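Student: Have a look at this one.
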Amino acid sequence: MGEVTELIHQGGLKLKDLLRDGCLVLSLFQLTLLKQLLLRYLRHLGYEVTYVRNFTDVDDKVIDRANKCGENSLALSSRFCEEYLVDMASLQCLLPTHQPRVSDHMELIIKMIEKIIENGCGYAVGGDVFFSVDKSPNYGQLSGQRLDHTQAGKRVAVDSRKRNPADFALWKAAKTGEPSWESPWGPGRPGWHIECSAMSAHYLSPRFDIHGGGADLKFPHHENEIAQTCAACEDSGVSYWLHNGHVTNNNVKMGKSLNNFYTIREITAKYHPLALRHFLMSAQYRSPLNYLVWQLEGSSDDFVSRYLPAYKAYLPTLYTEGPSGSDPDRVLAIDIDEERNPILAN
């Protein structure tokens, strides 16, 4: 089975989700854990897996945060990326094969937009470029969303320059105080959706096996990805879409706007990281998982009584040589420190 290749793309990690001092928010880790379980299992079966996780380091909210702090937005994004990787290492996560960033792939993105326009599916207006959903006959095939059922202006303000209110941005003209790159349509930056299509096509191919993301990304983000990739590439598609449920707090999705979220570091200061993984694995991946302290306590007890002895016995056999995480096939060893994780001393 070793000759079989599985190509996995984890949708763009939007760094706006790390805006609390750059620490990973618990609800975001649910998606990462799903990919980690799948990655390990496929490799266990003998598959050769190419796993791509791209970073959205050019984003409206990151730019706003950087401007408020008087910091360069790309420097802020880079810092958040590094903090994210620290959290991933503490949670025993294997590194992806590739971790591209939007800011490093502008040429690829621009070329895909040019191809979409060349194929008659995109149009430029005053420095902006929009995708024409009317040119995508199968638009809505993933989510079942019909264009005549969408409410113009519900998510974003209606732009009178659009041919159809549902048309979405491929390229945004430069604005004062924002990073920008030169393009055939003038200086600007890419829209959110196009980056995932361009980078997955480059590092995997326009047609690959598995694409993951949160359930809320099915429409419009993943729907737009399908449309623009099909418009740019003749042979494109995803064999399996994995949309995970969210971690909730009192049955309400965790989010910064409600201030009802926890960071990974807040939780792992009290519980072992592998106890947290055990808790997040307790629900079917498409179902929401309500964050309850007593359930996390139960996962911690299970980990300490059932898994910790085996883990301690196995720990000396783990790879710890070289830079941490330098080989994606190596498991990152973490220190079982009773002082750092008081629950282990009980």
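Every chain in the structure tokens has a letter given in the order shown (A, B, ...), and although residue numbers restart at 1 in each chain, ligands are simply numbered from 1 in the order shown.
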Mind checking which residues fall within 9 Å of segment 102-106 of chain A, counting only C-alpha atoms, ignoring those fewer than 2 positions away in the same chain, and posting them as a ChimeraX atom specification?

Tutor: /A:54-58,74,100,108-111,181,189-190,195-196,198-199

Student: Which one is closest to Trp241 of chain A: A:Ile194, A:Ala169, A:Met112, A:Leu142? Count only C-alpha atoms.

Tutor: A:Leu142

Student: Rank A:Ser143, A:Cys69, A:Arg40, A:Val129 by their smallest atom-to-atom distance to Asp216 of chain A, using only C-alpha atoms, and report the top residue only.

Tutor: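 The answer is A:Ser143, which sits nearest to Asp216 of chain A.
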
Student: Find the distance between atom CA of Asn164 of chain A and atom CA of Gly140 of chain A and write it in Å to one decimal.

Tutor: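 Atom-to-atom, atom CA of Asn164 of chain A to atom CA of Gly140 of chain A, that is 15.0 Å.
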
Student: I need the residues of segment 57-279 of chain A that end up classed as alpha helix (DSSP H) by DSSP on the backbone, written out as a PyMOL selection string.

Tutor: chain A and resi 60-69+73-90+106-118+192-203+223-232+264-268+273-279

Student: So which one's closest to Tyr285 of chain A, A:Asn72, A:Gln36, A:Thr176, A:Asn244? Using only C-alpha atoms, please.

Tutor: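 Going through A:Asn72, A:Gln36, A:Thr176, A:Asn244 one by one, the smallest distance to Tyr285 of chain A is for A:Asn244.
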
Student: Just to confirm, what's the straight-line distance from atom CA of Ala232 of chain A to atom CA of Lys115 of chain A in Å (one decimal)?

Tutor: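 The value is 5.4 Å.
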
Student: Figure out the distance between atom CA of Ala227 of chain A and atom CA of Asn138 of chain A, please, to one decimal in Å.

Tutor: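 Computing it gives 7.8 Å between the two atoms.
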